[in-house]
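For reference, the structure discussed in these notes is given below.
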Amino acid sequence: MTGHSLRIVRRTVPIVLSVTIAACGGGESGADTTATAAAGATRDSVSGAVTTTVGGDTALGASMAAVQPDDSRQPNEMGRIPVLEYHLIVPEEKGEFTRTPQQLRKDLETLYARGYRPVNMVDVIDKKIQQLPKGVSPVVLVFDDASPSQFRYIERNGQLEIDPTSAVGILEKFSAEKKDWPRRAVFCMLPAAQVGRSFFGHKGIEGQKTEWRFRKVQFLHKQGYELCNHTLYHARLDRAGDQVQEFIARGDMAIDSAVAGYKVRTFALPLGMWPKQRNLAWQGSWKDPKSGKTVSYKYDAVLEVSGNPNESPYDPKFDPHSVNRQIMYKNALEATLNRLDKATGSAGRYVSDGNPGTVAKP
Ligand SMILES: [Zn+2]
């Protein structure tokens, strides 16, 4: 098996700009003026990813087949599921919105050693976590803001390789090495923010070409990662007034321009700020004045910025429209996992019983 086909879609990404706001990854991030972004025609030679592609719609159970059951942990399917939040992956950790490539790699190793395996947010919503082998726990890894630091290409002799120090490079290498670590993570993307936070970079920012943007989004989808909307350019929804639905709908439109027909099911609130009319975060519509078409959105999950590890979908307190996350910096991962191991019942750690037909209650 060599190479892989990419769906090439050329459509216009609709963009309007006016406001300048701060992104949660630091730095100024207003709207960007890029009007179009088409998939590139360069031949793809993506390192570490071609041989073990799982595909966007592969069942979670199939990709978990290699995971060994572990009898050392008591099943508890009423327990909590950590939803980890990452922003910039940079050479030096400076505050809560940064993590180094080495730290991200170490986080994956920690999770792996402690019996966690990655799932997408929709796998939690759809209760596909029932397919996890006995003794195994789900974790959701979420990457916000679509910066180049999360997905960078290096061009060598006309071929594109994923930068091994970018988040996707680290994730792909880890999955290639560990056959029982599925390609699952959630990318909450901006298609039109500044400083390259626009489908992982453009206009030469951090060496990233505009024509690579759609290719990156398509690659993520093809590998099995989940595409999540984080609005058009990170405007605060509590201050967005009448534009709330426009900012959200246009994020979906841009994803659809990259992966035609993709149904976005997860939405991340910029800075965790809710619109005044809260339900507009998960359901709404906007009429595009250019085409006259109405774009509707309806999400199964809305991600907050912080909080405790999230309730199990079997816990009556589970609210998919308010999914709490843990920002990963310093020793937050170890602290979170230790707390879950110490607690019990619905405050403890979700551990699969390996039986899709039953919900293990401790
Ligand atoms: Zn953000």
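Residue numbering restarts at 1 in every chain; chains get A, B, ... in the order shown in the structure tokens, and ligands count up from 1 in that same order.
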Residues at most 9 Å from ligand 1, using only C-alpha atoms and all ligand atoms? Could they come as an mmCIF file with C-alpha atoms, in the first residue's frame?
```
data_model
loop_
_atom_site.group_PDB
_atom_site.id
_atom_site.type_symbol
_atom_site.label_atom_id
_atom_site.label_comp_id
_atom_site.auth_asym_id
_atom_site.auth_seq_id
_atom_site.Cartn_x
_atom_site.Cartn_y
_atom_site.Cartn_z
ATOM 1 C CA ALA A 23 -7.345 33.863 21.051
ATOM 2 C CA CYS A 24 -7.002 31.578 24.054
ATOM 3 C CA GLY A 25 -3.541 30.557 22.875
ATOM 4 C CA HIS A 87 -3.429 24.751 22.581
ATOM 5 C CA PHE A 143 -6.615 20.519 20.319
ATOM 6 C CA ASP A 144 -7.972 24.066 20.075
ATOM 7 C CA ASP A 145 -7.392 26.941 17.633
ATOM 8 C CA ALA A 146 -5.793 25.135 14.623
ATOM 9 C CA CYS A 188 -11.492 22.340 17.284
ATOM 10 C CA MET A 189 -10.552 24.528 14.389
ATOM 11 C CA LEU A 190 -10.646 28.150 13.309
ATOM 12 C CA HIS A 230 -14.437 26.601 17.212
ATOM 13 C CA HIS A 234 -12.562 33.091 17.847
ATOM 14 C CA ALA A 268 -15.921 24.387 21.413
ATOM 15 C CA LEU A 269 -16.809 27.768 22.928
ATOM 16 C CA PRO A 270 -14.083 30.399 22.341
ATOM 17 C CA LEU A 271 -12.659 31.228 25.786
ATOM 18 C CA GLY A 272 -15.541 29.253 27.266
ATOM 19 C CA VAL A 305 -12.784 25.509 28.713
#
```
Open item on the list: To test your reading of the structure, identify every residue in range 137-351 of chain A that backbone DSSP assigns to alpha helix (DSSP H), and report it as a PyMOL selection string.
Closed with: chain A and resi 167-177+213-223+244-258+332-342
Excluding Pro316 in chain A and any residue of its chain fewer than 5 positions from it, enumerate the residues within 12 Å of it, using only C-alpha atoms, and give them as a PDB file with N, CA and C atoms, in the first residue's frame.
```pdb
ATOM      1  N   MET A  78     -19.774   4.035  35.370  1.00  0.00           N
ATOM      2  CA  MET A  78     -20.422   5.260  35.847  1.00  0.00           C
ATOM      3  C   MET A  78     -19.358   6.326  36.152  1.00  0.00           C
ATOM      4  N   GLY A  79     -18.102   5.966  35.960  1.00  0.00           N
ATOM      5  CA  GLY A  79     -16.999   6.851  36.323  1.00  0.00           C
ATOM      6  C   GLY A  79     -16.721   7.942  35.296  1.00  0.00           C
ATOM      7  N   GLU A 311     -18.541  13.727  33.531  1.00  0.00           N
ATOM      8  CA  GLU A 311     -19.349  12.577  33.924  1.00  0.00           C
ATOM      9  C   GLU A 311     -19.430  11.551  32.796  1.00  0.00           C
ATOM     10  N   SER A 346     -19.207   7.429  40.913  1.00  0.00           N
ATOM     11  CA  SER A 346     -19.362   8.355  39.790  1.00  0.00           C
ATOM     12  C   SER A 346     -18.341   9.497  39.837  1.00  0.00           C
TER      13      SER A 346
END
```
Task: Gap from CA of Ala254 in chain A to CA of Phe214 in chain A - Å, one decimal - done: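 Spanning CA of Ala254 in chain A to CA of Phe214 in chain A is a straight-line distance of 9.4 Å.
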Open item on the list: According to DSSP computed on the backbone, where in range 91-264 of chain A is there strand (DSSP E)? Give the residues as a list in words.
Closed with: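 Filtering range 91-264 of chain A down to strand (DSSP E) leaves Thr98, Arg99, Tyr116, Arg117, Pro118, Ser137, Pro138, Val139, Val140, Leu141, Val142, Phe143, Asp144, Tyr153, Ile154, Glu155, Arg156, Gln159, Leu160, Glu161, Ile162, Val186, Phe187, Cys188, Met189, Glu226, Leu227, Cys228 and Asn229 of chain A.
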TODO: Considering only C-alpha atoms, state which residue in the set A:Ser137, A:Asn331, A:Ser296, A:Ser291 is at the smallest distance from Leu104 in chain A.
DONE: A:Asn331
Name the residues in contact with range 238-243 of chain A at a cut-off of 12 Å, using only C-alpha atoms, excluding same-chain residues fewer than 5 positions from it; report them as a PDB file with N, CA and C atoms, in the first residue's frame.
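See around_17.pdb below for the written result:
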```
ATOM      1  N   VAL A  16     -15.724  37.352   6.317  1.00  0.00           N
ATOM      2  CA  VAL A  16     -15.959  38.786   6.524  1.00  0.00           C
ATOM      3  C   VAL A  16     -15.145  39.133   7.749  1.00  0.00           C
ATOM      4  N   LEU A  17     -14.556  40.309   7.789  1.00  0.00           N
ATOM      5  CA  LEU A  17     -13.837  40.604   9.013  1.00  0.00           C
ATOM      6  C   LEU A  17     -14.148  41.983   9.532  1.00  0.00           C
ATOM      7  N   SER A  18     -13.997  42.116  10.794  1.00  0.00           N
ATOM      8  CA  SER A  18     -14.243  43.413  11.395  1.00  0.00           C
ATOM      9  C   SER A  18     -13.547  43.535  12.733  1.00  0.00           C
ATOM     10  N   VAL A  19     -13.643  42.534  13.565  1.00  0.00           N
ATOM     11  CA  VAL A  19     -13.216  42.679  14.962  1.00  0.00           C
ATOM     12  C   VAL A  19     -11.829  42.092  15.180  1.00  0.00           C
ATOM     13  N   ILE A  21      -9.802  40.203  18.253  1.00  0.00           N
ATOM     14  CA  ILE A  21      -9.984  39.642  19.592  1.00  0.00           C
ATOM     15  C   ILE A  21      -8.791  38.772  19.942  1.00  0.00           C
ATOM     16  N   THR A 231     -15.701  28.198  15.893  1.00  0.00           N
ATOM     17  CA  THR A 231     -16.162  29.445  15.250  1.00  0.00           C
ATOM     18  C   THR A 231     -15.235  29.901  14.128  1.00  0.00           C
ATOM     19  N   LEU A 232     -15.668  30.975  13.470  1.00  0.00           N
ATOM     20  CA  LEU A 232     -14.937  31.497  12.316  1.00  0.00           C
ATOM     21  C   LEU A 232     -13.562  32.028  12.690  1.00  0.00           C
ATOM     22  N   TYR A 233     -13.491  32.890  13.699  1.00  0.00           N
ATOM     23  CA  TYR A 233     -12.179  33.429  14.079  1.00  0.00           C
ATOM     24  C   TYR A 233     -12.050  33.756  15.571  1.00  0.00           C
ATOM     25  N   ILE A 248     -20.728  30.941  14.170  1.00  0.00           N
ATOM     26  CA  ILE A 248     -20.724  29.479  14.328  1.00  0.00           C
ATOM     27  C   ILE A 248     -20.977  28.796  12.977  1.00  0.00           C
ATOM     28  N   ALA A 249     -21.997  29.244  12.281  1.00  0.00           N
ATOM     29  CA  ALA A 249     -22.358  28.600  11.009  1.00  0.00           C
ATOM     30  C   ALA A 249     -21.205  28.667  10.008  1.00  0.00           C
ATOM     31  N   ARG A 250     -20.484  29.781  10.005  1.00  0.00           N
ATOM     32  CA  ARG A 250     -19.406  29.916   9.036  1.00  0.00           C
ATOM     33  C   ARG A 250     -18.204  29.045   9.359  1.00  0.00           C
ATOM     34  N   LEU A 269     -16.564  26.345  22.692  1.00  0.00           N
ATOM     35  CA  LEU A 269     -16.809  27.768  22.928  1.00  0.00           C
ATOM     36  C   LEU A 269     -15.489  28.534  22.988  1.00  0.00           C
ATOM     37  N   PRO A 270     -15.290  29.589  22.189  1.00  0.00           N
ATOM     38  CA  PRO A 270     -14.083  30.399  22.341  1.00  0.00           C
ATOM     39  C   PRO A 270     -14.002  30.990  23.751  1.00  0.00           C
ATOM     40  N   LEU A 271     -12.898  30.753  24.419  1.00  0.00           N
ATOM     41  CA  LEU A 271     -12.659  31.228  25.786  1.00  0.00           C
ATOM     42  C   LEU A 271     -13.727  30.754  26.776  1.00  0.00           C
ATOM     43  N   GLY A 272     -14.504  29.773  26.375  1.00  0.00           N
ATOM     44  CA  GLY A 272     -15.541  29.253  27.266  1.00  0.00           C
ATOM     45  C   GLY A 272     -16.701  30.206  27.479  1.00  0.00           C
ATOM     46  N   MET A 273     -16.811  31.222  26.633  1.00  0.00           N
ATOM     47  CA  MET A 273     -17.851  32.236  26.822  1.00  0.00           C
ATOM     48  C   MET A 273     -19.132  31.847  26.080  1.00  0.00           C
ATOM     49  N   TRP A 274     -20.217  31.819  26.819  1.00  0.00           N
ATOM     50  CA  TRP A 274     -21.508  31.451  26.232  1.00  0.00           C
ATOM     51  C   TRP A 274     -22.185  32.659  25.578  1.00  0.00           C
ATOM     52  N   PRO A 275     -22.922  32.415  24.489  1.00  0.00           N
ATOM     53  CA  PRO A 275     -23.754  33.509  23.962  1.00  0.00           C
ATOM     54  C   PRO A 275     -24.868  33.811  24.961  1.00  0.00           C
ATOM     55  N   LYS A 276     -25.392  35.031  24.897  1.00  0.00           N
ATOM     56  CA  LYS A 276     -26.453  35.424  25.849  1.00  0.00           C
ATOM     57  C   LYS A 276     -27.612  34.442  25.785  1.00  0.00           C
ATOM     58  N   GLN A 277     -27.948  34.047  24.569  1.00  0.00           N
ATOM     59  CA  GLN A 277     -28.978  33.004  24.408  1.00  0.00           C
ATOM     60  C   GLN A 277     -28.240  31.681  24.274  1.00  0.00           C
ATOM     61  N   ARG A 278     -28.127  30.976  25.423  1.00  0.00           N
ATOM     62  CA  ARG A 278     -27.219  29.841  25.552  1.00  0.00           C
ATOM     63  C   ARG A 278     -27.417  28.743  24.502  1.00  0.00           C
ATOM     64  N   LEU A 280     -28.090  28.850  21.523  1.00  0.00           N
ATOM     65  CA  LEU A 280     -27.535  29.130  20.200  1.00  0.00           C
ATOM     66  C   LEU A 280     -26.143  28.515  20.033  1.00  0.00           C
ATOM     67  N   ALA A 281     -25.533  28.103  21.150  1.00  0.00           N
ATOM     68  CA  ALA A 281     -24.228  27.439  21.055  1.00  0.00           C
ATOM     69  C   ALA A 281     -24.353  26.055  20.425  1.00  0.00           C
ATOM     70  N   GLY A 284     -28.684  26.409  15.723  1.00  0.00           N
ATOM     71  CA  GLY A 284     -29.019  27.689  15.127  1.00  0.00           C
ATOM     72  C   GLY A 284     -28.898  27.636  13.623  1.00  0.00           C
ATOM     73  N   SER A 285     -29.053  28.795  13.010  1.00  0.00           N
ATOM     74  CA  SER A 285     -28.913  28.854  11.553  1.00  0.00           C
ATOM     75  C   SER A 285     -28.567  30.281  11.136  1.00  0.00           C
ATOM     76  N   TRP A 286     -28.027  30.398   9.954  1.00  0.00           N
ATOM     77  CA  TRP A 286     -27.626  31.696   9.426  1.00  0.00           C
ATOM     78  C   TRP A 286     -27.827  31.705   7.922  1.00  0.00           C
ATOM     79  N   LYS A 287     -28.410  32.784   7.446  1.00  0.00           N
ATOM     80  CA  LYS A 287     -28.615  32.894   6.003  1.00  0.00           C
ATOM     81  C   LYS A 287     -27.452  33.637   5.377  1.00  0.00           C
ATOM     82  N   ASP A 288     -26.779  32.962   4.490  1.00  0.00           N
ATOM     83  CA  ASP A 288     -25.639  33.547   3.783  1.00  0.00           C
ATOM     84  C   ASP A 288     -26.169  34.544   2.750  1.00  0.00           C
TER      85      ASP A 288
END
```
TODO: Determine, counting only C-alpha atoms, which protein, DNA and RNA residues have an atom within 12 Å of an atom of Leu111 in chain A; residues of the same chain fewer than 6 positions away are not included. Present the result as a list in words.
DONE: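 My reading of the contact set: Pro82, Leu84, Leu104, Arg105, Arg117, Pro118, Val136, Ser137, Pro138, Val139, Val140, Leu141, Phe174, Trp181, Leu333, Glu334, Thr336, Leu337 and Asn338 of chain A.
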TODO: Kindly indicate which residue among A:Lys290, A:Lys179, A:His221, A:Lys209 lies nearest to Gly196 in chain A, using only C-alpha atoms for the distances.
DONE: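 Under the stated criterion, the closest residue is A:Lys209.
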Open item on the list: Can you pull out the residues contacting Pro362 in chain A? Cut-off 9 Å, using only C-alpha atoms, and skip same-chain residues under 6 positions away; I want them as an MDAnalysis selection string.
Closed with: chainID A and resid 74:78 344:346
Given the selection you just returned, output its residues as a file containing C-alpha atoms, formatted as a tab-separated table (two decimals), in the first residue's frame.
```tsv
chain	number	residue	atom	x	y	z
A	74	GLN	CA	-12.34	-2.74	38.81
A	75	PRO	CA	-14.87	-1.94	36.05
A	76	ASN	CA	-16.79	1.30	36.62
A	77	GLU	CA	-18.79	2.60	33.70
A	78	MET	CA	-20.42	5.26	35.85
A	344	THR	CA	-14.75	6.02	43.67
A	345	GLY	CA	-18.16	5.57	42.06
A	346	SER	CA	-19.36	8.35	39.79
```
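Counting only C-alpha atoms, the residue from A:Glu226, A:Asp353, A:Asp341, A:Glu304 that sits nearest to Val122 in chain A is A:Glu226.
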Would you list the contacts of Ile89 in chain A as a PDB file with N, CA and C atoms, in the first residue's frame, taking every protein, DNA or RNA residue within 12 Å and counting only C-alpha atoms, but skipping same-chain residues closer than 5 positions in sequence?
```
ATOM      1  N   GLY A  25      -4.938  30.962  22.911  1.00  0.00           N
ATOM      2  CA  GLY A  25      -3.541  30.557  22.875  1.00  0.00           C
ATOM      3  C   GLY A  25      -2.597  31.732  23.024  1.00  0.00           C
ATOM      4  N   LYS A  94       5.055  28.136  28.494  1.00  0.00           N
ATOM      5  CA  LYS A  94       4.864  29.445  29.117  1.00  0.00           C
ATOM      6  C   LYS A  94       3.390  29.588  29.429  1.00  0.00           C
ATOM      7  N   GLY A  95       3.013  29.187  30.617  1.00  0.00           N
ATOM      8  CA  GLY A  95       1.615  29.339  31.005  1.00  0.00           C
ATOM      9  C   GLY A  95       0.756  28.202  30.498  1.00  0.00           C
ATOM     10  N   GLU A  96      -0.537  28.336  30.785  1.00  0.00           N
ATOM     11  CA  GLU A  96      -1.434  27.194  30.619  1.00  0.00           C
ATOM     12  C   GLU A  96      -1.828  26.905  29.181  1.00  0.00           C
ATOM     13  N   PHE A  97      -1.466  27.771  28.248  1.00  0.00           N
ATOM     14  CA  PHE A  97      -1.874  27.508  26.875  1.00  0.00           C
ATOM     15  C   PHE A  97      -0.735  26.980  26.011  1.00  0.00           C
ATOM     16  N   THR A  98       0.311  26.528  26.658  1.00  0.00           N
ATOM     17  CA  THR A  98       1.439  25.998  25.903  1.00  0.00           C
ATOM     18  C   THR A  98       1.884  24.660  26.482  1.00  0.00           C
ATOM     19  N   ARG A  99       2.409  23.822  25.610  1.00  0.00           N
ATOM     20  CA  ARG A  99       2.966  22.528  25.991  1.00  0.00           C
ATOM     21  C   ARG A  99       4.106  22.281  25.008  1.00  0.00           C
ATOM     22  N   THR A 100       5.178  21.684  25.470  1.00  0.00           N
ATOM     23  CA  THR A 100       6.275  21.407  24.540  1.00  0.00           C
ATOM     24  C   THR A 100       6.012  20.083  23.824  1.00  0.00           C
ATOM     25  N   PRO A 101       6.667  19.864  22.674  1.00  0.00           N
ATOM     26  CA  PRO A 101       6.510  18.568  21.991  1.00  0.00           C
ATOM     27  C   PRO A 101       6.888  17.409  22.910  1.00  0.00           C
ATOM     28  N   GLN A 102       7.956  17.581  23.703  1.00  0.00           N
ATOM     29  CA  GLN A 102       8.399  16.524  24.617  1.00  0.00           C
ATOM     30  C   GLN A 102       7.331  16.253  25.679  1.00  0.00           C
ATOM     31  N   GLN A 103       6.714  17.325  26.173  1.00  0.00           N
ATOM     32  CA  GLN A 103       5.679  17.144  27.191  1.00  0.00           C
ATOM     33  C   GLN A 103       4.446  16.435  26.625  1.00  0.00           C
ATOM     34  N   LEU A 104       4.079  16.794  25.394  1.00  0.00           N
ATOM     35  CA  LEU A 104       2.922  16.125  24.790  1.00  0.00           C
ATOM     36  C   LEU A 104       3.214  14.636  24.617  1.00  0.00           C
ATOM     37  N   ARG A 105       4.402  14.328  24.122  1.00  0.00           N
ATOM     38  CA  ARG A 105       4.793  12.924  23.965  1.00  0.00           C
ATOM     39  C   ARG A 105       4.739  12.188  25.330  1.00  0.00           C
ATOM     40  N   PHE A 143      -7.569  19.480  20.727  1.00  0.00           N
ATOM     41  CA  PHE A 143      -6.615  20.519  20.319  1.00  0.00           C
ATOM     42  C   PHE A 143      -7.401  21.710  19.785  1.00  0.00           C
ATOM     43  N   ASP A 144      -7.213  22.866  20.418  1.00  0.00           N
ATOM     44  CA  ASP A 144      -7.972  24.066  20.075  1.00  0.00           C
ATOM     45  C   ASP A 144      -7.172  25.044  19.208  1.00  0.00           C
ATOM     46  N   ASP A 145      -7.863  25.743  18.342  1.00  0.00           N
ATOM     47  CA  ASP A 145      -7.392  26.941  17.633  1.00  0.00           C
ATOM     48  C   ASP A 145      -6.666  26.700  16.313  1.00  0.00           C
ATOM     49  N   ALA A 146      -6.362  25.425  15.947  1.00  0.00           N
ATOM     50  CA  ALA A 146      -5.793  25.135  14.623  1.00  0.00           C
ATOM     51  C   ALA A 146      -4.540  25.945  14.307  1.00  0.00           C
ATOM     52  N   SER A 147      -3.640  26.055  15.266  1.00  0.00           N
ATOM     53  CA  SER A 147      -2.377  26.764  14.997  1.00  0.00           C
ATOM     54  C   SER A 147      -1.440  25.857  14.206  1.00  0.00           C
ATOM     55  N   PRO A 148      -0.460  26.459  13.499  1.00  0.00           N
ATOM     56  CA  PRO A 148       0.533  25.630  12.795  1.00  0.00           C
ATOM     57  C   PRO A 148       1.282  24.704  13.757  1.00  0.00           C
ATOM     58  N   SER A 149       1.379  25.089  15.027  1.00  0.00           N
ATOM     59  CA  SER A 149       2.115  24.251  15.979  1.00  0.00           C
ATOM     60  C   SER A 149       1.432  22.903  16.187  1.00  0.00           C
ATOM     61  N   GLN A 150       0.177  22.826  15.801  1.00  0.00           N
ATOM     62  CA  GLN A 150      -0.538  21.551  15.926  1.00  0.00           C
ATOM     63  C   GLN A 150      -0.389  20.682  14.682  1.00  0.00           C
ATOM     64  N   PHE A 151      -0.210  21.315  13.537  1.00  0.00           N
ATOM     65  CA  PHE A 151      -0.118  20.536  12.287  1.00  0.00           C
ATOM     66  C   PHE A 151       0.703  21.344  11.287  1.00  0.00           C
ATOM     67  N   ARG A 152       1.985  21.002  11.226  1.00  0.00           N
ATOM     68  CA  ARG A 152       2.899  21.730  10.346  1.00  0.00           C
ATOM     69  C   ARG A 152       3.462  20.763   9.310  1.00  0.00           C
ATOM     70  N   ASP A 163       5.624  17.739  10.224  1.00  0.00           N
ATOM     71  CA  ASP A 163       6.682  18.101  11.178  1.00  0.00           C
ATOM     72  C   ASP A 163       6.540  17.224  12.426  1.00  0.00           C
ATOM     73  N   PRO A 164       7.584  16.447  12.746  1.00  0.00           N
ATOM     74  CA  PRO A 164       7.464  15.544  13.903  1.00  0.00           C
ATOM     75  C   PRO A 164       7.339  16.266  15.234  1.00  0.00           C
ATOM     76  N   THR A 165       7.607  17.592  15.259  1.00  0.00           N
ATOM     77  CA  THR A 165       7.453  18.340  16.511  1.00  0.00           C
ATOM     78  C   THR A 165       6.079  19.004  16.625  1.00  0.00           C
ATOM     79  N   SER A 166       5.251  18.881  15.591  1.00  0.00           N
ATOM     80  CA  SER A 166       3.882  19.407  15.698  1.00  0.00           C
ATOM     81  C   SER A 166       3.002  18.338  16.354  1.00  0.00           C
ATOM     82  N   ALA A 167       1.861  18.751  16.874  1.00  0.00           N
ATOM     83  CA  ALA A 167       1.004  17.805  17.614  1.00  0.00           C
ATOM     84  C   ALA A 167       0.629  16.601  16.757  1.00  0.00           C
ATOM     85  N   VAL A 168       0.262  16.848  15.505  1.00  0.00           N
ATOM     86  CA  VAL A 168      -0.144  15.732  14.637  1.00  0.00           C
ATOM     87  C   VAL A 168       1.040  14.806  14.371  1.00  0.00           C
ATOM     88  N   GLY A 169       2.230  15.391  14.211  1.00  0.00           N
ATOM     89  CA  GLY A 169       3.431  14.567  14.040  1.00  0.00           C
ATOM     90  C   GLY A 169       3.656  13.658  15.243  1.00  0.00           C
ATOM     91  N   ILE A 170       3.437  14.204  16.421  1.00  0.00           N
ATOM     92  CA  ILE A 170       3.632  13.433  17.662  1.00  0.00           C
ATOM     93  C   ILE A 170       2.563  12.347  17.791  1.00  0.00           C
ATOM     94  N   MET A 328      -4.162  21.210  29.831  1.00  0.00           N
ATOM     95  CA  MET A 328      -2.934  20.469  30.085  1.00  0.00           C
ATOM     96  C   MET A 328      -1.719  21.389  30.127  1.00  0.00           C
ATOM     97  N   TYR A 329      -1.193  21.572  31.301  1.00  0.00           N
ATOM     98  CA  TYR A 329       0.068  22.298  31.482  1.00  0.00           C
ATOM     99  C   TYR A 329       0.659  21.857  32.815  1.00  0.00           C
TER     100      TYR A 329
END
```
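Counting only C-alpha atoms and comparing A:Tyr153, A:Ala235, A:Ser306, A:Val217, the residue that lies closest to Gln194 in chain A is A:Ala235.
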